[in-house]
Structures are given as C-alpha cells and as structure tokens.
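What's in structure_0.tsv: TSV, C-alpha atoms and all ligand atoms
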```
chain	number	residue	atom	x	y	z
C	288	MET	CA	0.00	0.00	0.00
C	289	ALA	CA	2.74	2.46	1.00
C	290	ASP	CA	4.68	1.57	-2.14
C	291	ASP	CA	1.55	2.13	-4.11
C	292	LEU	CA	1.12	5.64	-2.73
C	293	GLU	CA	4.76	6.47	-3.27
C	294	LEU	CA	4.56	5.27	-6.84
C	295	ARG	CA	1.49	7.37	-7.48
C	296	PHE	CA	3.25	10.41	-5.98
C	297	GLU	CA	6.34	9.90	-8.11
C	298	ARG	CA	4.34	9.38	-11.28
C	299	THR	CA	2.33	12.52	-10.64
C	300	VAL	CA	5.48	14.59	-10.14
C	301	GLN	CA	7.25	13.11	-13.15
C	302	ALA	CA	4.25	13.72	-15.37
C	303	GLU	CA	4.48	17.44	-14.47
C	304	SER	CA	1.10	17.16	-12.83
C	305	ARG	CA	0.46	18.74	-9.42
C	306	ILE	CA	0.43	17.33	-5.92
C	307	GLU	CA	-2.55	18.70	-4.00
C	308	PRO	CA	-2.95	19.14	-0.22
C	309	ARG	CA	-4.88	15.94	0.51
C	310	ASP	CA	-2.63	13.71	-1.60
C	311	TRP	CA	-0.20	11.36	0.04
C	312	MET	CA	3.36	12.76	-0.04
C	313	PRO	CA	6.70	11.67	1.43
C	314	ASP	CA	7.54	13.26	4.79
C	315	GLY	CA	10.72	14.76	3.39
C	316	TYR	CA	8.79	16.45	0.60
C	317	ARG	CA	6.36	17.98	3.09
C	318	LYS	CA	9.10	19.13	5.47
C	319	THR	CA	11.31	20.57	2.76
C	320	LEU	CA	8.37	22.41	1.21
C	321	ILE	CA	7.24	23.88	4.54
C	322	ARG	CA	10.78	25.13	5.18
C	323	GLN	CA	11.21	26.50	1.67
C	324	ILE	CA	7.81	28.21	1.44
C	325	ALA	CA	8.04	29.60	4.98
C	326	GLN	CA	11.48	31.04	4.26
C	327	HIS	CA	10.04	32.62	1.15
C	328	ALA	CA	7.05	34.00	3.08
C	329	HIS	CA	9.34	35.44	5.77
C	330	SER	CA	11.41	37.12	3.02
C	331	GLU	CA	8.34	38.87	1.64
C	332	ILE	CA	7.36	40.09	5.12
C	333	ILE	CA	10.84	41.20	6.22
C	334	GLY	CA	11.34	42.63	2.72
C	335	MET	CA	8.75	45.30	3.51
C	336	GLN	CA	11.15	46.98	5.93
C	337	PRO	CA	14.02	48.29	3.76
C	338	GLU	CA	11.58	50.00	1.40
C	339	GLY	CA	9.07	50.91	4.09
C	340	ASN	CA	11.93	53.00	5.45
C	341	TRP	CA	11.39	55.46	2.56
C	342	ILE	CA	7.60	55.71	2.41
C	343	SER	CA	7.38	58.79	4.61
C	344	ARG	CA	10.26	60.45	2.76
C	345	ALA	CA	9.29	59.68	-0.86
C	346	PRO	CA	9.89	62.86	-2.90
C	347	SER	CA	6.39	63.14	-4.39
C	348	LEU	CA	2.85	61.97	-3.76
C	349	ARG	CA	3.09	59.80	-6.89
C	350	ARG	CA	6.21	58.02	-5.65
C	351	LYS	CA	4.72	57.63	-2.19
C	352	ALA	CA	1.53	56.04	-3.53
C	353	ILE	CA	3.56	53.66	-5.73
C	354	LEU	CA	5.88	52.67	-2.90
C	355	LEU	CA	2.96	52.10	-0.53
C	356	ALA	CA	1.27	49.86	-3.09
C	357	LYS	CA	4.47	47.90	-3.63
C	358	VAL	CA	5.11	47.35	0.07
C	359	GLN	CA	1.45	46.33	0.51
C	360	ASP	CA	1.92	43.81	-2.32
C	361	GLU	CA	4.86	42.27	-0.46
C	362	ALA	CA	2.63	41.79	2.58
C	363	GLY	CA	0.14	40.07	0.28
C	364	HIS	CA	2.88	37.82	-1.12
C	365	GLY	CA	3.83	36.78	2.38
C	366	LEU	CA	0.20	35.95	3.14
C	367	TYR	CA	-0.32	33.87	-0.04
C	368	LEU	CA	2.74	31.87	0.91
C	369	TYR	CA	1.86	31.39	4.59
C	370	SER	CA	-1.52	30.21	3.36
C	371	ALA	CA	0.24	27.64	1.13
C	372	THR	CA	2.28	26.32	4.09
C	373	GLU	CA	-0.92	25.81	6.05
C	374	THR	CA	-2.23	23.41	3.39
C	375	LEU	CA	0.79	21.28	4.34
C	376	GLY	CA	-0.17	21.27	8.01
C	377	ALA	CA	2.06	24.13	9.20
C	378	ASP	CA	0.74	26.52	11.83
C	379	ARG	CA	1.05	30.22	11.12
C	380	GLU	CA	1.61	31.26	14.73
C	381	ASP	CA	4.38	28.74	14.90
C	382	LEU	CA	6.05	30.07	11.74
C	383	THR	CA	5.92	33.65	13.04
C	384	THR	CA	7.45	32.50	16.31
C	385	LYS	CA	10.21	30.67	14.47
C	386	LEU	CA	10.97	33.80	12.45
C	387	ILE	CA	11.21	36.15	15.41
C	388	GLU	CA	13.24	33.65	17.39
C	389	GLY	CA	15.67	33.34	14.50
C	390	ARG	CA	14.97	29.64	13.99
C	391	GLN	CA	13.87	30.13	10.37
C	392	LYS	CA	15.63	32.25	7.80
C	393	TYR	CA	14.66	34.85	5.24
C	394	SER	CA	16.57	36.16	2.22
C	395	SER	CA	19.84	37.81	3.27
C	396	ILE	CA	19.35	40.67	0.83
C	397	PHE	CA	17.03	42.36	3.33
C	398	ASN	CA	19.82	42.67	5.86
C	399	TYR	CA	21.39	45.45	3.83
C	400	PRO	CA	20.40	49.05	4.63
C	401	THR	CA	18.57	51.44	2.27
C	402	LEU	CA	20.75	54.55	2.48
C	403	THR	CA	19.28	56.76	-0.26
C	404	PHE	CA	16.06	57.05	-2.23
C	405	ALA	CA	17.89	55.60	-5.25
C	406	ASP	CA	17.93	52.34	-3.29
C	407	VAL	CA	14.15	52.14	-3.74
C	408	GLY	CA	14.65	52.16	-7.51
C	409	VAL	CA	17.57	49.75	-7.47
C	410	ILE	CA	15.72	47.32	-5.20
C	411	GLY	CA	12.76	47.31	-7.59
C	412	TRP	CA	15.01	46.83	-10.60
C	413	LEU	CA	17.63	44.37	-9.29
C	414	VAL	CA	16.24	42.79	-6.13
C	415	ASP	CA	12.71	42.27	-7.42
C	416	GLY	CA	14.32	41.42	-10.78
C	417	ALA	CA	16.39	38.65	-9.21
C	418	ALA	CA	13.34	37.49	-7.26
C	419	ILE	CA	11.40	37.26	-10.54
C	420	CYS	CA	14.19	35.10	-12.05
C	421	ASN	CA	13.96	32.81	-9.04
C	422	GLN	CA	10.18	32.74	-8.99
C	423	VAL	CA	9.06	32.35	-12.59
C	424	PRO	CA	10.24	28.70	-12.76
C	425	LEU	CA	8.43	28.03	-9.47
C	426	CYS	CA	5.11	28.74	-11.17
C	427	ARG	CA	5.62	25.16	-12.49
C	428	THR	CA	6.59	23.67	-9.16
C	429	SER	CA	5.02	20.31	-8.28
C	430	TYR	CA	3.00	21.44	-5.26
C	431	GLY	CA	-0.29	22.97	-6.43
C	432	PRO	CA	-0.91	25.65	-3.77
C	433	TYR	CA	2.72	26.82	-4.00
C	434	ALA	CA	2.60	27.01	-7.80
C	435	ARG	CA	-0.65	28.97	-7.70
C	436	ALA	CA	0.75	31.40	-5.13
C	437	MET	CA	3.81	31.91	-7.33
C	438	ILE	CA	1.64	32.70	-10.35
C	439	ARG	CA	-0.17	35.46	-8.45
C	440	ILE	CA	3.12	36.77	-7.10
C	441	CYS	CA	4.87	36.84	-10.47
C	442	LYS	CA	2.02	38.82	-12.01
C	443	GLU	CA	2.45	41.48	-9.34
C	444	GLU	CA	6.25	41.49	-9.38
C	445	SER	CA	6.39	42.86	-12.87
C	446	PHE	CA	4.95	46.16	-11.56
C	447	HIS	CA	7.61	46.15	-8.85
C	448	GLN	CA	10.47	45.86	-11.28
C	449	ARG	CA	9.11	48.37	-13.76
C	450	GLN	CA	8.39	51.06	-11.16
C	451	GLY	CA	11.97	50.70	-9.91
C	452	TYR	CA	13.49	51.00	-13.35
C	453	GLU	CA	11.26	53.95	-14.22
C	454	LEU	CA	12.29	55.68	-10.97
C	455	LEU	CA	15.96	55.23	-11.91
C	456	MET	CA	15.40	56.51	-15.46
C	457	THR	CA	13.87	59.63	-13.95
C	458	MET	CA	16.85	60.13	-11.64
C	459	MET	CA	19.30	59.56	-14.50
C	460	ARG	CA	17.64	62.41	-16.41
C	461	GLY	CA	18.16	64.66	-13.36
C	462	THR	CA	21.28	66.29	-11.94
C	463	GLN	CA	24.80	64.85	-11.83
C	464	GLN	CA	24.30	64.37	-8.11
C	465	GLN	CA	21.25	62.22	-8.76
C	466	ARG	CA	23.10	60.15	-11.37
C	467	ASP	CA	25.93	59.60	-8.90
C	468	MET	CA	23.40	58.53	-6.32
C	469	VAL	CA	22.03	55.89	-8.71
C	470	GLN	CA	25.50	54.57	-9.55
C	471	ASP	CA	26.44	54.42	-5.87
C	472	SER	CA	23.30	52.45	-5.13
C	473	VAL	CA	23.98	50.04	-8.01
C	474	ASN	CA	27.50	49.55	-6.66
C	475	ARG	CA	26.13	48.55	-3.26
C	476	TRP	CA	23.30	46.27	-4.45
C	477	TRP	CA	24.77	44.43	-7.45
C	478	TRP	CA	26.73	41.79	-5.53
C	479	PRO	CA	24.09	41.15	-2.87
C	480	ALA	CA	21.55	40.75	-5.72
C	481	LEU	CA	23.74	38.06	-7.30
C	482	MET	CA	23.95	36.32	-3.93
C	483	MET	CA	20.14	36.03	-3.89
C	484	PHE	CA	20.45	32.92	-6.08
C	485	GLY	CA	22.28	31.13	-3.29
C	486	PRO	CA	25.74	29.58	-3.09
C	487	PRO	CA	27.47	28.13	-6.17
C	488	ASP	CA	26.08	24.78	-7.36
C	489	ALA	CA	29.21	22.96	-6.18
C	490	GLU	CA	28.49	23.98	-2.58
C	491	SER	CA	24.74	23.81	-2.70
C	492	THR	CA	23.23	20.93	-0.72
C	493	ASN	CA	19.85	19.29	-1.41
C	494	THR	CA	19.71	20.57	-4.98
C	495	GLU	CA	19.41	17.12	-6.52
C	496	GLN	CA	16.52	15.93	-4.37
C	497	SER	CA	14.68	19.22	-4.76
C	498	MET	CA	15.09	19.09	-8.53
C	499	ALA	CA	13.73	15.52	-8.60
C	500	TRP	CA	10.74	16.68	-6.54
C	501	ARG	CA	10.28	19.62	-8.92
C	502	ILE	CA	10.34	22.11	-6.05
C	503	LYS	CA	13.46	23.62	-7.54
C	504	ARG	CA	13.55	23.86	-11.31
C	505	ASP	CA	16.93	25.39	-12.17
C	506	THR	CA	20.25	25.42	-10.33
C	507	ASN	CA	21.55	28.52	-8.53
C	508	ASP	CA	24.29	29.13	-11.10
C	509	GLU	CA	21.91	28.75	-14.05
C	510	LEU	CA	19.56	31.34	-12.60
C	511	ARG	CA	22.41	33.69	-11.69
C	512	GLN	CA	23.74	33.56	-15.25
C	513	LYS	CA	20.29	34.22	-16.65
C	514	PHE	CA	19.91	37.25	-14.38
C	515	VAL	CA	23.28	38.70	-15.43
C	516	ASN	CA	22.42	38.21	-19.11
C	517	MET	CA	19.13	40.04	-18.63
C	518	SER	CA	20.51	42.85	-16.50
C	519	VAL	CA	23.50	44.01	-18.55
C	520	PRO	CA	21.53	45.53	-21.45
C	521	GLN	CA	19.19	47.16	-18.91
C	522	ALA	CA	22.17	48.78	-17.18
C	523	GLU	CA	23.48	50.02	-20.53
C	524	ALA	CA	20.12	51.56	-21.40
C	525	LEU	CA	20.05	53.23	-18.01
C	526	GLY	CA	23.63	54.49	-18.27
C	527	VAL	CA	25.08	52.79	-15.19
C	528	ALA	CA	27.89	50.26	-14.82
C	529	PHE	CA	28.00	47.14	-12.66
C	530	PRO	CA	30.97	47.09	-10.25
C	531	ASP	CA	32.58	44.01	-11.80
C	532	PRO	CA	35.79	44.31	-13.86
C	533	GLU	CA	35.39	40.72	-15.04
C	534	LEU	CA	31.98	41.34	-16.56
C	535	LYS	CA	32.19	40.93	-20.33
C	536	TRP	CA	30.40	39.25	-23.22
C	537	ASN	CA	31.71	35.79	-24.08
C	538	GLU	CA	31.13	35.24	-27.78
C	539	GLU	CA	31.78	31.52	-27.55
C	540	ARG	CA	29.34	30.85	-24.72
C	541	GLY	CA	26.82	33.37	-25.96
C	542	GLN	CA	26.60	34.63	-22.37
C	543	TYR	CA	28.25	37.17	-20.11
C	544	ASP	CA	31.24	36.14	-18.03
C	545	PHE	CA	31.21	37.68	-14.58
C	546	GLY	CA	33.14	37.69	-11.32
C	547	SER	CA	32.35	35.79	-8.17
C	548	PRO	CA	30.46	37.43	-5.30
C	549	ASP	CA	32.21	37.54	-1.94
C	550	TRP	CA	30.87	34.29	-0.49
C	551	ASP	CA	32.49	34.94	2.88
C	552	GLU	CA	30.35	38.03	3.19
C	553	PHE	CA	27.32	36.00	2.10
C	554	TRP	CA	27.80	33.41	4.84
C	555	GLN	CA	28.52	36.09	7.41
C	556	VAL	CA	25.21	37.80	6.64
C	557	VAL	CA	23.34	34.47	6.59
C	558	LYS	CA	24.72	33.71	10.04
C	559	GLY	CA	23.42	36.99	11.41
C	560	GLY	CA	26.38	39.30	10.88
C	561	GLY	CA	24.78	41.66	8.35
C	562	VAL	CA	24.30	45.36	9.02
C	563	CYS	CA	20.55	45.05	9.65
C	564	ASN	CA	19.89	41.47	10.83
C	565	GLU	CA	19.14	42.46	14.40
C	566	GLN	CA	17.12	45.50	13.47
C	567	ARG	CA	14.91	43.56	11.03
C	568	ILE	CA	14.02	40.86	13.53
C	569	ALA	CA	13.59	43.31	16.41
C	570	HIS	CA	11.19	45.34	14.27
C	571	ARG	CA	9.18	42.27	13.27
C	572	ARG	CA	9.03	41.12	16.87
C	573	LYS	CA	7.85	44.52	18.07
C	574	ALA	CA	5.14	44.71	15.40
C	575	HIS	CA	3.94	41.25	16.43
C	576	GLU	CA	3.96	42.01	20.14
C	577	ASP	CA	2.40	45.46	19.74
C	578	GLY	CA	-0.39	43.85	17.73
C	579	ALA	CA	-1.23	41.30	20.41
C	580	TRP	CA	-3.96	43.39	22.06
C	581	VAL	CA	-5.62	43.96	18.67
C	582	ARG	CA	-5.71	40.24	17.94
C	583	GLU	CA	-7.13	39.54	21.38
C	584	ALA	CA	-9.71	42.32	21.22
C	585	ALA	CA	-10.92	41.20	17.80
C	586	ALA	CA	-11.23	37.61	18.99
C	587	ALA	CA	-13.14	38.73	22.11
C	588	HIS	CA	-15.46	40.87	19.99
C	589	ALA	CA	-16.12	37.94	17.63
C	590	ALA	CA	-16.88	35.64	20.57
C	591	LYS	CA	-19.29	38.17	22.08
C	592	GLN	CA	-20.99	38.70	18.72
C	593	ALA	CA	-21.42	34.95	18.28
C	594	VAL	CA	-23.08	34.64	21.70
C	595	LYS	CA	-25.44	37.53	20.86
C	596	GLU	CA	-26.42	35.94	17.57
C	597	GLY	CA	-26.97	32.62	19.28
C	598	ALA	CA	-29.31	34.31	21.79
C	599	ALA	CA	-31.32	36.21	19.18
H	239	MET	CA	-4.89	34.76	26.12
H	240	SER	CA	-3.33	33.15	23.12
H	241	THR	CA	-6.02	32.80	20.51
H	242	SER	CA	-5.17	32.21	16.94
H	243	TRP	CA	-7.99	33.34	14.66
H	244	PRO	CA	-9.83	30.65	12.69
H	245	LEU	CA	-8.91	29.88	9.09
H	246	TRP	CA	-11.24	30.94	6.26
H	247	GLU	CA	-11.17	29.74	2.68
H	248	VAL	CA	-11.67	32.51	0.13
H	249	PHE	CA	-13.57	32.25	-3.16
H	250	VAL	CA	-13.69	35.08	-5.69
H	251	ARG	CA	-16.03	35.69	-8.62
H	252	GLY	CA	-13.76	37.24	-11.23
H	253	LYS	CA	-16.57	38.90	-13.14
H	254	ARG	CA	-20.29	38.57	-13.69
H	255	GLY	CA	-21.12	35.31	-15.44
H	256	LEU	CA	-18.30	33.33	-13.82
H	257	ASN	CA	-18.33	30.99	-10.83
H	258	HIS	CA	-16.64	31.82	-7.56
H	259	VAL	CA	-13.19	30.21	-7.63
H	260	HIS	CA	-11.03	29.26	-4.66
H	261	VAL	CA	-8.05	31.64	-4.38
H	262	GLY	CA	-6.52	30.84	-0.99
H	263	SER	CA	-7.15	31.25	2.70
H	264	LEU	CA	-6.63	33.67	5.56
H	265	HIS	CA	-7.11	34.03	9.29
H	266	ALA	CA	-9.75	36.35	10.73
H	267	PRO	CA	-11.75	36.57	13.98
H	268	ASP	CA	-15.13	36.56	12.24
H	269	ALA	CA	-16.81	36.45	8.84
H	270	GLU	CA	-16.99	40.19	8.41
H	271	MET	CA	-13.29	40.69	9.08
H	272	ALA	CA	-12.52	37.71	6.87
H	273	LEU	CA	-14.33	39.46	4.00
H	274	ARG	CA	-12.47	42.72	4.56
H	275	ASN	CA	-9.13	40.98	4.77
H	276	ALA	CA	-9.94	38.91	1.69
H	277	ARG	CA	-10.61	42.10	-0.23
H	278	ASP	CA	-7.19	43.49	0.74
H	279	VAL	CA	-5.25	40.27	0.25
H	280	TYR	CA	-6.87	38.75	-2.83
H	281	THR	CA	-8.46	41.60	-4.82
H	282	ARG	CA	-5.98	44.48	-4.84
H	283	ARG	CA	-6.26	44.74	-8.63
H	284	ASN	CA	-9.98	44.35	-9.34
H	285	GLU	CA	-9.65	40.56	-9.46
H	286	GLY	CA	-13.21	40.13	-8.30
H	287	VAL	CA	-16.75	41.47	-8.12
H	288	SER	CA	-17.85	39.21	-5.28
H	289	ILE	CA	-16.14	37.29	-2.48
H	290	TRP	CA	-17.22	34.29	-0.43
H	291	VAL	CA	-15.49	33.37	2.80
H	292	VAL	CA	-16.14	29.96	4.33
H	293	PRO	CA	-14.78	28.62	7.64
H	294	ALA	CA	-12.18	26.06	6.56
H	295	ALA	CA	-13.49	23.71	9.25
H	296	ALA	CA	-16.93	23.72	7.59
H	297	ILE	CA	-15.70	22.25	4.31
H	298	THR	CA	-16.17	18.56	3.65
H	299	ALA	CA	-13.97	17.18	0.89
H	300	SER	CA	-13.63	13.86	-0.82
H	301	SER	CA	-10.35	12.26	0.13
H	302	PRO	CA	-7.83	11.16	-2.47
H	303	ASP	CA	-7.92	7.58	-1.29
H	304	GLU	CA	-11.55	7.46	-2.33
H	305	LYS	CA	-10.74	9.22	-5.54
H	306	ASP	CA	-11.42	6.37	-7.90
H	307	PRO	CA	-14.82	5.23	-6.67
H	308	PHE	CA	-15.96	8.78	-5.90
H	309	PHE	CA	-15.23	10.11	-9.36
H	310	ALA	CA	-15.81	6.85	-11.19
H	311	PRO	CA	-19.35	7.69	-12.35
H	312	ALA	CA	-17.88	10.54	-14.42
H	313	GLY	CA	-14.89	8.51	-15.55
H	314	ASP	CA	-16.81	6.06	-17.70
H	315	LYS	CA	-19.13	8.58	-19.32
H	316	VAL	CA	-16.83	9.99	-21.98
H	317	TYR	CA	-19.89	10.75	-24.06
H	318	ARG	CA	-20.43	13.73	-21.79
H	319	HIS	CA	-17.48	15.46	-23.43
H	320	PRO	CA	-17.83	17.20	-26.76
H	321	THR	CA	-14.65	15.60	-28.10
H	322	PHE	CA	-16.42	12.19	-27.94
H	323	TYR	CA	-18.24	13.04	-31.16
H	324	ALA	CA	-16.47	12.93	-34.52
H	325	ILE	CA	-17.70	15.77	-36.68
H	326	PRO	CA	-16.38	16.36	-40.23
H	327	GLU	CA	-14.01	19.30	-40.30
H	328	ASP	CA	-15.90	21.20	-42.97
H	329	VAL	CA	-18.99	21.56	-40.77
H	330	PRO	CA	-18.65	25.06	-39.28
H	331	HIS	CA	-19.48	26.41	-35.83
H	332	LEU	CA	-19.53	23.10	-33.94
C	601	FE	FE	7.21	39.91	-3.45
C	602	FE	FE	8.33	42.52	-5.12
```
Show the structure stored in the file as structure tokens.
Amino acid sequence: MADDLELRFERTVQAESRIEPRDWMPDGYRKTLIRQIAQHAHSEIIGMQPEGNWISRAPSLRRKAILLAKVQDEAGHGLYLYSATETLGADREDLTTKLIEGRQKYSSIFNYPTLTFADVGVIGWLVDGAAICNQVPLCRTSYGPYARAMIRICKEESFHQRQGYELLMTMMRGTQQQRDMVQDSVNRWWWPALMMFGPPDAESTNTEQSMAWRIKRDTNDELRQKFVNMSVPQAEALGVAFPDPELKWNEERGQYDFGSPDWDEFWQVVKGGGVCNEQRIAHRRKAHEDGAWVREAAAAHAAKQAVKEGAA
Amino acid sequence: MSTSWPLWEVFVRGKRGLNHVHVGSLHAPDAEMALRNARDVYTRRNEGVSIWVVPAAAITASSPDEKDPFFAPAGDKVYRHPTFYAIPEDVPHL
C-alpha cells in the first residue's frame, strides 16, 4: 500500500502534474516544502522593511503612492505563501514564532540598509528582478498551492520591477548628483543581488533531491547567469555600470562572463552578521507584540458577537 | 490569552457570469473581518466582483484515497465530453 502511494506520488510529479494538499506525499517532501515556502514568506514580510523606510520620505505623492502599493503587495505575497504552508499542516503562529526567534531564515538581501532614495529604484530593478528570475520557474513547481501562489506573485512582481526602473530613469535624467546617487546604489546592491540565487552549485546541498521533486527547477548558477544576461543591457540603457571588472560578453558561450560574489560576506550575513539582521528581527518582533492586544480584542469581539447571535 | 484566529477559505467571482473560484485562505476573527481581509489580500487589482469566505473547518472534501470510486461515475461517461463526437471538419461552428 505504501509503495503504491509512493509510486502514485512519483508518477504525478514526473508527469508534471500537481500534488494537491490531501494527496499522500513523502515526509521529506512535506518538510522541505514547509521550510522553503516559509522562508520565502518570511522574506516577503521582512522585505517590507528596507523599502518601508522610505515611504514617509518619498519625494512626491506619486512616488509615495507607488511605494505604498508595492510594500502592501509584499505583505500580500507573504500571506499567499503562509496560506500555502498551512495546506501542508504548518501553523502560522508557529512560523511567526520561528521567524522572530531566528529559527527560520529569510533572504539575506534584506539585511542590507537602504541609504538613499535611489535604493528604492535599485531594489525594484535588481532585487525584485532577481526574485522574478527565481520565482518564474516556481510557477511550475510540483505542489499545487505553491505554484498557484507563485503565479499570483509573479504577475504582481512585474509592476515592482518596472516602477523601480522607471524611478531610476527619472533620476538619470536629473542632476549629476542624482546620477551619482544611482551609480552608488547600483555599486552597493549588485553583488548582494547576485547572492540572492544562493551559493554556487558545487556547494549547494539538497539541490538534486529538490530538482527531482520539482520544487526547484533550475540550479543557482543557471539562474544567476540568466539574471546577469538580462541585467547588462538594462544597465546600458540606463547608463550605469556594474561594479565588476570581469563582466564581459563571451562570444563563444553566448553569455556574459562575470566575477564571483564575496561568499564569505554571504555566509557572514546568513549567520546573522549583516548590518541590519538584528534591526529587522527586532522590528518584526515589536510589530507582532504590539499587535497582540488587537488580535485579542478582535477575537473577544467575535466571541461576544457569536453569543449575541446565538441568543437572538 | 493566546487565541489564533480561525482559518477561512476565500472564493472570488472574477466577473459577472463566472463561478466563484477558490483563491486561498486567511485568518480572521469573524466572517466580516474575513471578508475585509480577503478584499485586501486577494483583490488588490480588481480581481473580483464578489467574495465568499467559508470557515475552513466547515468544508467537507472527498479524500484522495476514495478518488477512484468517488469520481468513477464521471470517468466512464466519456460521451459527456464534446470531443467524444467525430464531426467532419468542414462543418462550421460546432
Ligand atoms: Fe514579493
Ligand atoms: Fe516585489
């Protein structure tokens, strides 16, 4: 019987069909998915902070409205994904607790500070751009609720990237000081953006199993290369340069060659040594704790209302 | 008091003439808040003209282990599908 179920699971995955919540699935598949989707959800939620930092200081009402909408989208993305983890039996309270206790991770990119308003544009262009590269293949991931969440997310991400690029084009048409600000921001975000695809394939654990389960569709290095290829012409059109002397077109490969990110820095940030790690978690914890009375009051109100309705 | 709000499944009617379709779930203390939250989470871009929220606990579903017998009546009635009928290609509008 167990073999039967396993066989059915494997056939479904291999046929590029979808596994749905009530289907039998291997424990490892369920656990890996919960970890992966939760980490992704946490990234969306923590990712609201670096940009949220600029909402009150956006230079015009138009930019403020756009930035608010974008940050609100990221909250939505987090919620779609938490909802997907719950179909696997995860508990949302528990995931929030794990995040604020540092027992589950989120993308390291959000541990870098947003120093100027140009960072809002560069995050939209490069950080959301890298996220799109990572996420588009996941629209075909084997777990139905995850794939459906990714489809919604990808649709919304395209606005994120375009508003960022448009913001930068506007700044590049401005003063020399504004152009310098854009270049400085690109210099700071380029390498961390490349790190978003994870460590090099040679050092990446679990890739093989995740590929077989179709919960990872391309390797880290493949996605990184794709992102570089897409970004270079965009940088040229914008009039900025990436801070990589090794970056050049390779005629033979039909791709760009590029340098290696500083993986020591990557691991240091992953392990909690980034500029903003503590601040991000402290902020999330405070928001959660400050909201406790609201959650309790709403629950009490609902209970009272239910009693009233029962009596009527 | 540690109360986690109940889970609600959300269904959205994309436009008039279409069925409500399941889009995901959310937590809310009561039905009214579930509707408001569903509007903010699932219809930020005019994705719907009407929303249903249903307590997740109130849904009864067929289980996959029963899948074959439960869906079998439909399985052997291929004549319910239009592709069951061979129609010459030069007959228009069918
Ligand atoms: Fe997002
Ligand atoms: Fe985004």
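Interatomic distance, atom CA of Ala587 of chain C against atom CA of Asp268 of chain H: 10.3 Å.
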Give as a list of chain:residue names the residues surrounding ligand FE 602 (chain C) up to a distance of 6 Å, considering all atoms listed in the file.
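These are the residues that qualify: C:Glu361, C:Asp415, C:Glu444, C:His447.
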Name the closest residue to ligand FE 601 (chain C) among the candidates C:Ile332, C:Val581, C:Val562, C:Ala522; distances are taken between atoms, counting only C-alpha atoms and all ligand atoms.
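The answer is C:Ile332, which sits nearest to ligand FE 601 (chain C).
Every chain C residue lying within 6 Å of chain H, based on all atoms listed in the file, is listed here: Asp310, Gly363, Ser370, Ala586 and Ala589 of chain C.
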Given only C-alpha atoms and all ligand atoms, how would the per-residue table for chain C near ligand FE 601 (chain C) read, listing every residue at most 10 Å away with its closest atom pair and distance in Å to one decimal, sorted by chain and number, as CSV?
```
residue,atom,partner,partner_atom,distance
C:His327,CA,C:FE601,FE,9.1
C:Ala328,CA,C:FE601,FE,8.8
C:Ser330,CA,C:FE601,FE,8.2
C:Glu331,CA,C:FE601,FE,5.3
C:Ile332,CA,C:FE601,FE,8.6
C:Gly334,CA,C:FE601,FE,7.9
C:Met335,CA,C:FE601,FE,8.9
C:Lys357,CA,C:FE601,FE,8.4
C:Val358,CA,C:FE601,FE,8.5
C:Gln359,CA,C:FE601,FE,9.5
C:Asp360,CA,C:FE601,FE,6.7
C:Glu361,CA,C:FE601,FE,4.5
C:Ala362,CA,C:FE601,FE,7.8
C:Gly363,CA,C:FE601,FE,8.0
C:His364,CA,C:FE601,FE,5.3
C:Gly365,CA,C:FE601,FE,7.4
C:Val414,CA,C:FE601,FE,9.8
C:Asp415,CA,C:FE601,FE,7.2
C:Ala418,CA,C:FE601,FE,7.6
C:Ile419,CA,C:FE601,FE,8.7
C:Gln422,CA,C:FE601,FE,9.5
C:Met437,CA,C:FE601,FE,9.5
C:Arg439,CA,C:FE601,FE,10.0
C:Ile440,CA,C:FE601,FE,6.3
C:Cys441,CA,C:FE601,FE,8.0
C:Glu443,CA,C:FE601,FE,7.7
C:Glu444,CA,C:FE601,FE,6.2
C:Ser445,CA,C:FE601,FE,9.9
C:His447,CA,C:FE601,FE,8.3
```
Give me, please, the distance in Å between atom CA of Glu388 of chain C and atom CA of Cys563 of chain C, quoted to one decimal.
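Separating atom CA of Glu388 of chain C from atom CA of Cys563 of chain C is a distance of 15.6 Å.
Using all atoms listed in the file, the contacts of Ala569 of chain C at a cut-off of 12 Å, with sequence neighbours closer than 2 positions omitted, comprise C:Ile333, C:Gln336, C:Leu386, C:Ile387, C:Glu388, C:Gly389, C:Cys563, C:Asn564, C:Glu565, C:Gln566, C:Arg567, C:Arg571, C:Arg572, C:Lys573, C:Ala574, C:His575, C:Glu576, C:Asp577.
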